[in-house]
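Report on the following structure.
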Protein chains: 4
Amino acid sequence: MGATKSEAGSLRVGIVGAAGYTGAELLRLIHRHPKLRLTWVGAQSNAGKRLDSVLPSTLGVAGVGDLVLEAFDVADAPALAQQLDVAFCCLPHAQSAKVVASLVAQGLQVVDLSADFRLRKPEDYAEWYGAHPAPELLDRAVYGLPELYRTELVGAQLIAAPGCYPTSAILPLAPLLRAGLLELAGPIIVDAKSGVTGAGKSPTSGTHFPETSEGIRAYKVAGTHRHTGEIEQELSLAAGAQVSVVFTPHLVPMSRGILSVAYARPKAGVDVERCRAAAREMYPSAGLVSVLDQQLPDTLWVRGSARAHVAYQLDPRTGMLLALGAIDNLTRGASGQALHALNVARGWPEHLGLPELAQFP
Amino acid sequence: MGATKSEAGSLRVGIVGAAGYTGAELLRLIHRHPKLRLTWVGAQSNAGKRLDSVLPSTLGVAGVGDLVLEAFDVADAPALAQQLDVAFCCLPHAQSAKVVASLVAQGLQVVDLSADFRLRKPEDYAEWYGAHPAPELLDRAVYGLPELYRTELVGAQLIAAPGCYPTSAILPLAPLLRAGLLELAGPIIVDAKSGVTGAGKSPTSGTHFPETSEGIRAYKVAGTHRHTGEIEQELSLAAGAQVSVVFTPHLVPMSRGILSVAYARPKAGVDVERCRAAAREMYPSAGLVSVLDQQLPDTLWVRGSARAHVAYQLDPRTGMLLALGAIDNLTRGASGQALHALNVARGWPEHLGLPELAQFP
Amino acid sequence: MGATKSEAGSLRVGIVGAAGYTGAELLRLIHRHPKLRLTWVGAQSNAGKRLDSVLPSTLGVAGVGDLVLEAFDVADAPALAQQLDVAFCCLPHAQSAKVVASLVAQGLQVVDLSADFRLRKPEDYAEWYGAHPAPELLDRAVYGLPELYRTELVGAQLIAAPGCYPTSAILPLAPLLRAGLLELAGPIIVDAKSGVTGAGKSPTSGTHFPETSEGIRAYKVAGTHRHTGEIEQELSLAAGAQVSVVFTPHLVPMSRGILSVAYARPKAGVDVERCRAAAREMYPSAGLVSVLDQQLPDTLWVRGSARAHVAYQLDPRTGMLLALGAIDNLTRGASGQALHALNVARGWPEHLGLPELAQFP
Amino acid sequence: MGATKSEAGSLRVGIVGAAGYTGAELLRLIHRHPKLRLTWVGAQSNAGKRLDSVLPSTLGVAGVGDLVLEAFDVADAPALAQQLDVAFCCLPHAQSAKVVASLVAQGLQVVDLSADFRLRKPEDYAEWYGAHPAPELLDRAVYGLPELYRTELVGAQLIAAPGCYPTSAILPLAPLLRAGLLELAGPIIVDAKSGVTGAGKSPTSGTHFPETSEGIRAYKVAGTHRHTGEIEQELSLAAGAQVSVVFTPHLVPMSRGILSVAYARPKAGVDVERCRAAAREMYPSAGLVSVLDQQLPDTLWVRGSARAHVAYQLDPRTGMLLALGAIDNLTRGASGQALHALNVARGWPEHLGLPELAQFP
């Protein structure tokens, strides 16, 4: 958007951990955002290199590819806080909390894309991740799912951008739980399928092309995936009661996208139209969640978009309800949602600068 | 296997509907089977063409690519029965039953890969497919899942090769149901993910590369997929009680493979080792089902193989059991299993001629 | 971009043939363009349907998904010209020329994405496509490759957006030919590899997922692909002499992207740095072509971007030069370039509204 | 094949380096070969582990998955030679030569899948790989391309299995060069496209799924890929004159397969039928190379097969000839061809035990 954009973007933005996939997606989205201007990028192993030598997709893009990745230590926080208005933090958990704490202490507004500030209770964090490095900040963090925390986000200094799997499961289920439409006696089953970018940028044998293409597998099943806690927390808050979840993630041979299918038992008398109505009420048509009617979502329809698709189907033979959610794990599930939350926090139009139309096909 | 094989293969085999995907896979498998010799191929729209002009993968393969696809009508059954010892029938349902009936009436041994003889009761068939074209044959058909019907298959004249989805779900669940390890109060949820060959050879917008690659979607959910009835029938027979199933098929951007994850509640006191033990008892190590221990199955590990992988995991947080099954939908789920059943029916070694090692990667 | 955009976008835009892939890509790009406002969409077989029922990626996007596809006949041109400032035409060749002629006659500015106005001479068109339906317009059309026709495009009423393959081959070769660096005695070999969206939206057996995934094939080789004429025309104009081309297109199992590798013999004394210098001169850093140095281009680095990557390598063993070009066939190769040309035609900043950063990965 | 096979397979076979991709493919093929019995598997980093813990595709396959990978040092050669009749060596170059030398010295028949014995002259090896570790063996090695060295292979003790790229280029070109149909004044251009298994089993950022899927790139172009020397050697021997080659490898987002398109200028008066006739003469219909007529090859048609497809097209506009070759890089390009050569060396039927029909689709 060069010309017009560079005039308009007045808020100085930095990304700590810019060379990973969520960082790369932030670069793409910030570049088209009319209020933001990228002025600083940080990295660890790649510090000192030009961004375009690490991310060749930025080759030739003035103001992006020519930035030099800078090392960052918590001791640098005061200096960095002078240069920026907002920092996005794309670091691994635990490591992120320390950096975030150093920046927040300087008064900087921070959007954290790690898991460090998503769980509200230190003991929950301890269960899934270990001792929390900065528990004193937990109360100040706002969970960055705008559809659930629109009010709380306004003016927030510390935003915890949600996990990709939780986003895909919470969006279809929250309206039903808020409206009290589901039986909570048994667990809700969330069978989720993700593209491989969700595994991050570091190559492993599990993401090596010949052993990923043409195959599908489940992994970290039966309550061992860390997103289980985050999903349960938010569903329980939506329900006002404890919700337990069986969460099964899968790796699908595609780069982007998550499709979650949740299985739950509706309360007596609740039909599928009632479920759709609850979703439409929570997600008005002006927002970034589309409630499908008869159609079933396809991750391809939201690839590269900040929009989520949710849908509901009732199995008449068994009475079970299916609640489906499809997102792009990077755009909606991470970086796009981080910007979405920032828009709300700053009081800007919710979808400002965000891609609403998928890159289809 | 040319030289050695052509001497050994003495049973004359024909394929009705050889130009489709299950037909093509049969060609590959029959070609390496030491007891079989392909002598006749039939097709409808392609009748009169050489096989290698329709399936270029057969170009240059003597005895295969140079066969000419012949038209077939039920009136031709007596003549065909003279030329063959076994016929495989790869036609669409309903259409298949008529052809099968005409061949069975001539005393030919038939393995039917359609859905026409899988459901035991005409009323079940009617529910999912319409009025049965040859209900009088239902009693004579044996469901061709050798692990469940090894005894019944011996000498069978009419074998109904199971559906691909049912195979992937029945194999992991049947041992648990036979051993009475599962609660049957609620439905079992079967969330299954299939490669695109399962949709057949005819191109549609839903299987067009740009709208299939890089996306995942569920389809025919909530009790609308026809395999639901077949799964319920076999699980109920295994349990000796009515089992209901919520079946959710997905299309995954890969050509081959099905992974099914079934969610069920075990009876009190049943742990995961008990489940694995039941499976190992039903599937001895000499057979074509591998019971995994801690590993989770990947369809890539069975691609091109007649082998199935099953695995079990218990979620300690909710008490729910996951029973997973991975197969190649064409090799195990259709054509390979058809040959497997024929091996048993003929009294040959069970895995004779079948690929046991995946084409990996 | 909702809020900000809808205020800014004042030029009324229509798309004839909006339901195909180039149409869908135009929707995505127009939606983020600050000067354009989509007000009309036309289609043939889908006329009367809401856009989001045909393109579910538009579901919930206000001002796009809720548009109704309208039938269009040349008789409707006067009425349509009243409603629009610019029309993009995404119809098959021959069919397009008639529609374009009807709109141009009404004074409307038209960007044609078909092949109808790319070849300058009616006899060239006849050789590849048949008799030209509107030869009188050929002189008025400007070939919409801004890097070559920046001056000619200013104020153009009829813009012929280039073909995807030609774009990928002309961009790396034109600077060398303009600078007279290549021997033209023998043909230039252009070995090009394309994603499957290049084949369009209609499903065929050649684009059926199971027969496209996991395989690569050449097609329409040896001077039979229609883009050969377009490539030769533009290379000859750049060289000021007749250039002949051996053009070999391939279908690659990916949705988007074209990589072209051209093989040519440089004149005596021309080294690779001289070639890169020629490219850098023609493509200054502010533009939408990046000249790579030691790196080799990857279509993944430009996926979803209007940017092209070009690179040069000299084989010291044989003296042959490789000129490589990578583009997204839809964004740069078709729809994005169409907007790019419109920007130049209208005197706007060249990259206004265009995605410069790839959707990576 | 269990029962029948284990009786028949009497030759004891070992694989050094069994855990890589060419090793895994050998396992699959040896398992179905009627004359061979796998009795020993060696590995380096995985020594001491059961094969099925490293290659889960062997889980449950008796006689394969339960083998334990053994460490191997050249000092173990005498002992190993006692246990085996044939050894396949799947080690990296340079490392392989030492192991091969130790086994050959014990009188064992060895098929080496590395590059170490493919180049005939030590100075050629030095140019591409460094000083040769066992130059004294070069004269004893036979290049394992049966179509070219059928006579020389009979009785060979040391077979150098060809590289995958060279196989795909030599097969279509050798008949033309032997028959003297091509001009050799300029270089032959070989533009080759490979699946990712060609890069081996070790994960790298260049083979990480998200950076491989949905993109195509050339690599090691302009005379820097080591297979260039091997291609030139064999083409020159076929021509009886020096042939120079411009070799351009590409990485394609698929697991298996290589398509090579070679561009050459035929001598005056040579038409395409003359080229096809030369190929049909060299590759009789009973062999493992199919000469296509009008069809263009697709790697999908030979996936998992030991068969190669070659085809020829003449560009009437420029007079250039295209010679195309399609293979499976693992089955034909490496492991299957190694077995093929062994069949010839042992005097068995050429295609004994080899898959001739692709796993399609």
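Note on naming: chains are A, B, ... as they come in the structure tokens, residues start from 1 per chain, ligands start from 1 in the order shown.
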Original post:
Residues of stretch 109-276 of chain C in alpha helix (DSSP H) according to DSSP, as a VMD selection string?
Top reply: chain C and resid 122 to 128 146 to 153 164 to 178 227 to 239 272 to 276
Can you spit out the residues from that selection as a compact mmCIF listing (two decimals), in the first residue's frame, using N, CA and C atoms?
# COMPACT_ATOMS: atom_id res chain seq x y z
N PRO C 122 -3.79 -9.03 -36.01
CA PRO C 122 -4.91 -9.98 -36.17
C PRO C 122 -4.43 -11.33 -36.68
N GLU C 123 -3.40 -11.33 -37.52
CA GLU C 123 -2.95 -12.61 -38.07
C GLU C 123 -2.28 -13.46 -36.98
N ASP C 124 -1.63 -12.83 -36.01
CA ASP C 124 -1.08 -13.60 -34.89
C ASP C 124 -2.22 -14.21 -34.06
N TYR C 125 -3.23 -13.39 -33.82
CA TYR C 125 -4.39 -13.90 -33.08
C TYR C 125 -5.01 -15.09 -33.81
N ALA C 126 -5.12 -14.94 -35.11
CA ALA C 126 -5.72 -16.00 -35.91
C ALA C 126 -4.92 -17.30 -35.81
N GLU C 127 -3.61 -17.16 -35.75
CA GLU C 127 -2.76 -18.36 -35.69
C GLU C 127 -3.03 -19.17 -34.42
N TRP C 128 -3.26 -18.47 -33.32
CA TRP C 128 -3.38 -19.16 -32.04
C TRP C 128 -4.81 -19.34 -31.57
N PRO C 146 3.10 -3.21 -16.72
CA PRO C 146 3.53 -1.83 -16.44
C PRO C 146 5.03 -1.63 -16.57
N GLU C 147 5.82 -2.64 -16.26
CA GLU C 147 7.27 -2.46 -16.34
C GLU C 147 7.72 -2.22 -17.78
N LEU C 148 6.92 -2.65 -18.75
CA LEU C 148 7.31 -2.45 -20.15
C LEU C 148 6.56 -1.29 -20.81
N TYR C 149 5.35 -1.04 -20.32
CA TYR C 149 4.50 -0.06 -21.01
C TYR C 149 3.97 1.00 -20.06
N ARG C 150 4.84 1.47 -19.19
CA ARG C 150 4.42 2.47 -18.20
C ARG C 150 3.87 3.72 -18.90
N THR C 151 4.55 4.18 -19.90
CA THR C 151 4.12 5.40 -20.59
C THR C 151 2.83 5.18 -21.37
N GLU C 152 2.80 4.09 -22.13
CA GLU C 152 1.64 3.84 -22.98
C GLU C 152 0.37 3.62 -22.16
N LEU C 153 0.54 3.14 -20.94
CA LEU C 153 -0.64 2.84 -20.13
C LEU C 153 -1.36 4.08 -19.62
N CYS C 164 -0.39 -15.30 -17.71
CA CYS C 164 0.42 -15.61 -16.54
C CYS C 164 1.79 -16.14 -16.96
N TYR C 165 1.84 -17.11 -17.85
CA TYR C 165 3.12 -17.63 -18.31
C TYR C 165 3.97 -16.52 -18.94
N PRO C 166 3.39 -15.75 -19.89
CA PRO C 166 4.21 -14.68 -20.48
C PRO C 166 4.80 -13.74 -19.42
N THR C 167 4.00 -13.37 -18.42
CA THR C 167 4.54 -12.47 -17.40
C THR C 167 5.79 -13.05 -16.76
N SER C 168 5.73 -14.34 -16.43
CA SER C 168 6.85 -14.97 -15.72
C SER C 168 8.09 -15.09 -16.60
N ALA C 169 7.91 -15.12 -17.91
CA ALA C 169 9.05 -15.27 -18.82
C ALA C 169 9.56 -13.92 -19.32
N ILE C 170 8.62 -12.99 -19.56
CA ILE C 170 9.03 -11.70 -20.12
C ILE C 170 9.80 -10.88 -19.09
N LEU C 171 9.33 -10.91 -17.84
CA LEU C 171 9.98 -10.05 -16.85
C LEU C 171 11.48 -10.35 -16.73
N PRO C 172 11.92 -11.61 -16.60
CA PRO C 172 13.37 -11.81 -16.52
C PRO C 172 14.10 -11.58 -17.84
N LEU C 173 13.44 -11.80 -18.97
CA LEU C 173 14.16 -11.73 -20.25
C LEU C 173 14.19 -10.33 -20.87
N ALA C 174 13.16 -9.55 -20.66
CA ALA C 174 13.06 -8.26 -21.35
C ALA C 174 14.28 -7.36 -21.11
N PRO C 175 14.77 -7.25 -19.86
CA PRO C 175 15.92 -6.35 -19.67
C PRO C 175 17.14 -6.79 -20.48
N LEU C 176 17.34 -8.10 -20.59
CA LEU C 176 18.49 -8.60 -21.33
C LEU C 176 18.34 -8.31 -22.83
N LEU C 177 17.12 -8.45 -23.32
CA LEU C 177 16.89 -8.24 -24.74
C LEU C 177 16.95 -6.76 -25.08
N ARG C 178 16.37 -5.94 -24.23
CA ARG C 178 16.44 -4.50 -24.47
C ARG C 178 17.89 -4.02 -24.49
N HIS C 227 0.26 -19.45 -25.34
CA HIS C 227 1.05 -18.35 -24.81
C HIS C 227 2.38 -18.16 -25.53
N THR C 228 2.74 -19.16 -26.35
CA THR C 228 3.99 -19.05 -27.10
C THR C 228 4.02 -17.78 -27.94
N GLY C 229 2.92 -17.52 -28.63
CA GLY C 229 2.85 -16.35 -29.50
C GLY C 229 3.00 -15.05 -28.72
N GLU C 230 2.37 -15.01 -27.55
CA GLU C 230 2.44 -13.79 -26.74
C GLU C 230 3.86 -13.55 -26.22
N ILE C 231 4.51 -14.64 -25.82
CA ILE C 231 5.89 -14.50 -25.33
C ILE C 231 6.80 -14.02 -26.47
N GLU C 232 6.67 -14.65 -27.61
CA GLU C 232 7.53 -14.26 -28.73
C GLU C 232 7.29 -12.82 -29.14
N GLN C 233 6.03 -12.39 -29.16
CA GLN C 233 5.73 -11.01 -29.55
C GLN C 233 6.46 -10.02 -28.64
N GLU C 234 6.32 -10.24 -27.34
CA GLU C 234 6.89 -9.24 -26.42
C GLU C 234 8.41 -9.32 -26.35
N LEU C 235 8.95 -10.53 -26.45
CA LEU C 235 10.41 -10.63 -26.45
C LEU C 235 10.98 -10.00 -27.73
N SER C 236 10.30 -10.19 -28.83
CA SER C 236 10.78 -9.61 -30.09
C SER C 236 10.72 -8.09 -30.03
N LEU C 237 9.64 -7.56 -29.45
CA LEU C 237 9.55 -6.10 -29.32
C LEU C 237 10.67 -5.58 -28.41
N ALA C 238 10.95 -6.33 -27.36
CA ALA C 238 12.01 -5.89 -26.45
C ALA C 238 13.36 -5.94 -27.15
N ALA C 239 13.56 -6.94 -28.00
CA ALA C 239 14.85 -7.11 -28.66
C ALA C 239 14.98 -6.23 -29.90
N VAL C 272 27.27 -12.51 -15.72
CA VAL C 272 25.98 -12.50 -15.03
C VAL C 272 25.74 -11.17 -14.34
N GLU C 273 26.79 -10.51 -13.91
CA GLU C 273 26.59 -9.22 -13.26
C GLU C 273 26.05 -8.18 -14.24
N ARG C 274 26.48 -8.28 -15.45
CA ARG C 274 25.96 -7.38 -16.48
C ARG C 274 24.45 -7.61 -16.67
N CYS C 275 24.05 -8.86 -16.60
CA CYS C 275 22.62 -9.18 -16.73
C CYS C 275 21.84 -8.63 -15.55
N ARG C 276 22.37 -8.84 -14.37
CA ARG C 276 21.66 -8.33 -13.18
C ARG C 276 21.57 -6.81 -13.23
Per residue of chain B within 8 Å of chain D, which atom pair is closest and at what distance in Å (one decimal), using only C-alpha atoms, listed by chain and increasing number, as CSV?
residue,atom,partner,partner_atom,distance
B:Met1,CA,D:Gly353,CA,4.7
B:Gly2,CA,D:Leu352,CA,6.6
B:Ala3,CA,D:Pro349,CA,6.7
B:Thr4,CA,D:Leu352,CA,7.3
B:Tyr21,CA,D:Pro361,CA,7.3
B:Ala24,CA,D:Phe360,CA,7.0
B:Glu25,CA,D:Phe360,CA,7.0
B:Arg28,CA,D:Leu357,CA,5.6
B:His31,CA,D:Leu357,CA,8.0
B:Arg32,CA,D:Pro355,CA,7.8
B:Pro56,CA,D:Trp301,CA,6.2
B:Ser57,CA,D:Trp301,CA,4.2
B:Thr58,CA,D:Leu357,CA,6.1
B:Leu59,CA,D:Ser290,CA,6.6
B:Gly60,CA,D:Ser290,CA,5.3
B:Val61,CA,D:Glu356,CA,6.7
B:Ala62,CA,D:Ala286,CA,7.3
B:Thr197,CA,D:Pro361,CA,7.5
B:Ser255,CA,D:Pro361,CA,7.0
B:Ser285,CA,D:Gly60,CA,6.5
B:Ala286,CA,D:Ala62,CA,7.3
B:Leu288,CA,D:Gly60,CA,7.9
B:Val289,CA,D:Gly60,CA,7.6
B:Ser290,CA,D:Gly60,CA,5.3
B:Leu300,CA,D:Ser57,CA,7.8
B:Trp301,CA,D:Ser57,CA,4.2
B:Val302,CA,D:Ser57,CA,6.2
B:Gly304,CA,D:Gln359,CA,7.0
B:Pro349,CA,D:Ala3,CA,6.7
B:His351,CA,D:Met1,CA,6.1
B:Leu352,CA,D:Met1,CA,4.9
B:Gly353,CA,D:Met1,CA,4.7
B:Leu354,CA,D:Met1,CA,6.0
B:Pro355,CA,D:Met1,CA,7.1
B:Glu356,CA,D:Val61,CA,6.7
B:Leu357,CA,D:Arg28,CA,5.6
B:Ala358,CA,D:Ser57,CA,5.8
B:Gln359,CA,D:Gly304,CA,7.0
B:Phe360,CA,D:Ser57,CA,6.9
B:Pro361,CA,D:Ser255,CA,7.0
**OP:** Pick out the residues sitting within 6 Å of A:Gln44, and hand them over as a list in words; count only C-alpha atoms, and ignore anything fewer than 2 positions along from it in its own chain.
**Re:**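 Selected residues are Asn46, Ala47 and Ala71 of chain A.
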If you run DSSP on the backbone here, which positions in stretch 310-349 of chain D get strand (DSSP E)? Please write them as a compact mmCIF listing (two decimals) with N, CA, C and O atoms, in the first residue's frame.
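Saved result, part-v3.txt, follows:
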# COMPACT_ATOMS: atom_id res chain seq x y z
N VAL D 310 9.42 -42.89 -21.23
CA VAL D 310 10.14 -41.88 -22.02
C VAL D 310 9.26 -41.46 -23.19
O VAL D 310 8.40 -42.22 -23.65
N ALA D 311 9.46 -40.23 -23.64
CA ALA D 311 8.64 -39.71 -24.73
C ALA D 311 9.43 -38.65 -25.49
O ALA D 311 10.41 -38.10 -24.97
N TYR D 312 9.00 -38.40 -26.71
CA TYR D 312 9.72 -37.47 -27.60
C TYR D 312 8.72 -36.57 -28.31
O TYR D 312 7.66 -37.02 -28.74
N GLN D 313 9.08 -35.30 -28.41
CA GLN D 313 8.27 -34.35 -29.16
C GLN D 313 9.20 -33.41 -29.91
O GLN D 313 10.23 -33.00 -29.36
N LEU D 314 8.83 -33.06 -31.11
CA LEU D 314 9.63 -32.14 -31.90
C LEU D 314 8.86 -30.83 -32.06
O LEU D 314 7.68 -30.85 -32.41
N LEU D 321 14.21 -30.65 -30.33
CA LEU D 321 13.61 -31.90 -29.87
C LEU D 321 13.51 -31.89 -28.36
O LEU D 321 14.44 -31.48 -27.66
N LEU D 322 12.38 -32.38 -27.84
CA LEU D 322 12.22 -32.58 -26.40
C LEU D 322 12.25 -34.09 -26.14
O LEU D 322 11.49 -34.84 -26.75
N ALA D 323 13.13 -34.49 -25.23
CA ALA D 323 13.18 -35.89 -24.81
C ALA D 323 12.82 -35.93 -23.34
O ALA D 323 13.50 -35.31 -22.51
N LEU D 324 11.72 -36.59 -23.02
CA LEU D 324 11.19 -36.57 -21.65
C LEU D 324 11.34 -37.92 -20.98
O LEU D 324 11.13 -38.97 -21.61
N GLY D 325 11.67 -37.90 -19.71
CA GLY D 325 11.75 -39.13 -18.94
C GLY D 325 11.07 -38.97 -17.60
O GLY D 325 11.26 -37.96 -16.93
N ALA D 326 10.24 -39.95 -17.22
CA ALA D 326 9.57 -39.91 -15.91
C ALA D 326 9.86 -41.19 -15.16
O ALA D 326 9.72 -42.29 -15.72
N ILE D 327 10.27 -41.04 -13.91
CA ILE D 327 10.55 -42.21 -13.07
C ILE D 327 10.08 -41.92 -11.65
O ILE D 327 9.81 -40.78 -11.29
Subject >> Close residues, A:Leu80 itself excluded, 10 Å, only C-alpha atoms, min 4 positions apart in chain, as a list in words >> reply: Gly14, Trp40, Phe72, Val74, Ala75, Asp76, Leu84, Asp85, Ala87, Leu103, Gln106 and Leu108 of chain A
Could you save those same residues with N, CA, C and O atoms as a PDB file, in the first residue's frame?
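Heads up, here's the output in result_12.pdb:
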ATOM      1  N   GLY A  14       6.832  -2.529  16.911  1.00  0.00           N
ATOM      2  CA  GLY A  14       7.967  -3.432  16.868  1.00  0.00           C
ATOM      3  C   GLY A  14       7.521  -4.859  17.082  1.00  0.00           C
ATOM      4  O   GLY A  14       6.469  -5.126  17.666  1.00  0.00           O
ATOM      5  N   TRP A  40      10.691  -1.521  14.027  1.00  0.00           N
ATOM      6  CA  TRP A  40      11.725  -2.284  14.734  1.00  0.00           C
ATOM      7  C   TRP A  40      11.392  -3.768  14.673  1.00  0.00           C
ATOM      8  O   TRP A  40      10.250  -4.170  14.854  1.00  0.00           O
ATOM      9  N   PHE A  72      17.671  -8.555  21.392  1.00  0.00           N
ATOM     10  CA  PHE A  72      16.935  -7.882  22.450  1.00  0.00           C
ATOM     11  C   PHE A  72      17.115  -8.618  23.763  1.00  0.00           C
ATOM     12  O   PHE A  72      16.953  -9.834  23.840  1.00  0.00           O
ATOM     13  N   VAL A  74      16.238  -8.100  28.124  1.00  0.00           N
ATOM     14  CA  VAL A  74      15.344  -7.328  28.997  1.00  0.00           C
ATOM     15  C   VAL A  74      15.990  -6.016  29.418  1.00  0.00           C
ATOM     16  O   VAL A  74      15.297  -5.023  29.692  1.00  0.00           O
ATOM     17  N   ALA A  75      17.310  -5.984  29.444  1.00  0.00           N
ATOM     18  CA  ALA A  75      17.981  -4.728  29.803  1.00  0.00           C
ATOM     19  C   ALA A  75      17.751  -3.643  28.763  1.00  0.00           C
ATOM     20  O   ALA A  75      17.916  -2.446  29.050  1.00  0.00           O
ATOM     21  N   ASP A  76      17.373  -4.054  27.556  1.00  0.00           N
ATOM     22  CA  ASP A  76      17.141  -3.075  26.496  1.00  0.00           C
ATOM     23  C   ASP A  76      15.725  -2.492  26.524  1.00  0.00           C
ATOM     24  O   ASP A  76      15.389  -1.649  25.688  1.00  0.00           O
ATOM     25  N   LEU A  84       9.038   2.809  20.520  1.00  0.00           N
ATOM     26  CA  LEU A  84       7.821   2.146  20.034  1.00  0.00           C
ATOM     27  C   LEU A  84       6.581   2.626  20.755  1.00  0.00           C
ATOM     28  O   LEU A  84       6.654   3.107  21.896  1.00  0.00           O
ATOM     29  N   ASP A  85       5.447   2.453  20.091  1.00  0.00           N
ATOM     30  CA  ASP A  85       4.158   2.642  20.741  1.00  0.00           C
ATOM     31  C   ASP A  85       3.517   1.311  21.120  1.00  0.00           C
ATOM     32  O   ASP A  85       2.773   1.225  22.097  1.00  0.00           O
ATOM     33  N   ALA A  87       4.371  -3.116  21.066  1.00  0.00           N
ATOM     34  CA  ALA A  87       5.241  -4.246  20.745  1.00  0.00           C
ATOM     35  C   ALA A  87       4.421  -5.518  20.656  1.00  0.00           C
ATOM     36  O   ALA A  87       3.558  -5.770  21.503  1.00  0.00           O
ATOM     37  N   LEU A 103       8.885  -4.981  29.170  1.00  0.00           N
ATOM     38  CA  LEU A 103       8.318  -3.932  28.324  1.00  0.00           C
ATOM     39  C   LEU A 103       7.108  -3.276  28.976  1.00  0.00           C
ATOM     40  O   LEU A 103       6.935  -2.046  28.896  1.00  0.00           O
ATOM     41  N   GLN A 106       7.848  -0.682  31.391  1.00  0.00           N
ATOM     42  CA  GLN A 106       8.212   0.619  30.818  1.00  0.00           C
ATOM     43  C   GLN A 106       7.000   1.367  30.279  1.00  0.00           C
ATOM     44  O   GLN A 106       7.150   2.416  29.652  1.00  0.00           O
ATOM     45  N   LEU A 108       4.961   0.315  27.958  1.00  0.00           N
ATOM     46  CA  LEU A 108       4.657   0.017  26.560  1.00  0.00           C
ATOM     47  C   LEU A 108       3.413  -0.870  26.466  1.00  0.00           C
ATOM     48  O   LEU A 108       3.185  -1.729  27.318  1.00  0.00           O
TER      49      LEU A 108
END
**OP:** In Å, rounded to a single decimal, give me how far atom CA of D:Gly215 is from atom CA of D:Leu296.
**Re:**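 Separation between atom CA of D:Leu296 and atom CA of D:Gly215: 22.9 Å.
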**OP:** Can you pull out every residue within 7 Å of A:Thr212, counting only C-alpha atoms, but drop anything in the same chain fewer than 5 positions away, and send it as a ChimeraX atom specification?
**Re:** /A:206-207,253 /D:209
**OP:** Do a neighbour search on B:Leu182 at 7 Å with only C-alpha atoms, toss out local chain neighbours closer than 2 positions, and write the hits as a list of chain:residue names.
**Re:**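 Once the adjacent positions are removed, what remains is B:Leu176, B:Leu177, B:Gly180, B:Leu184, B:Ala264, B:Arg265, B:Pro266, B:Lys267.
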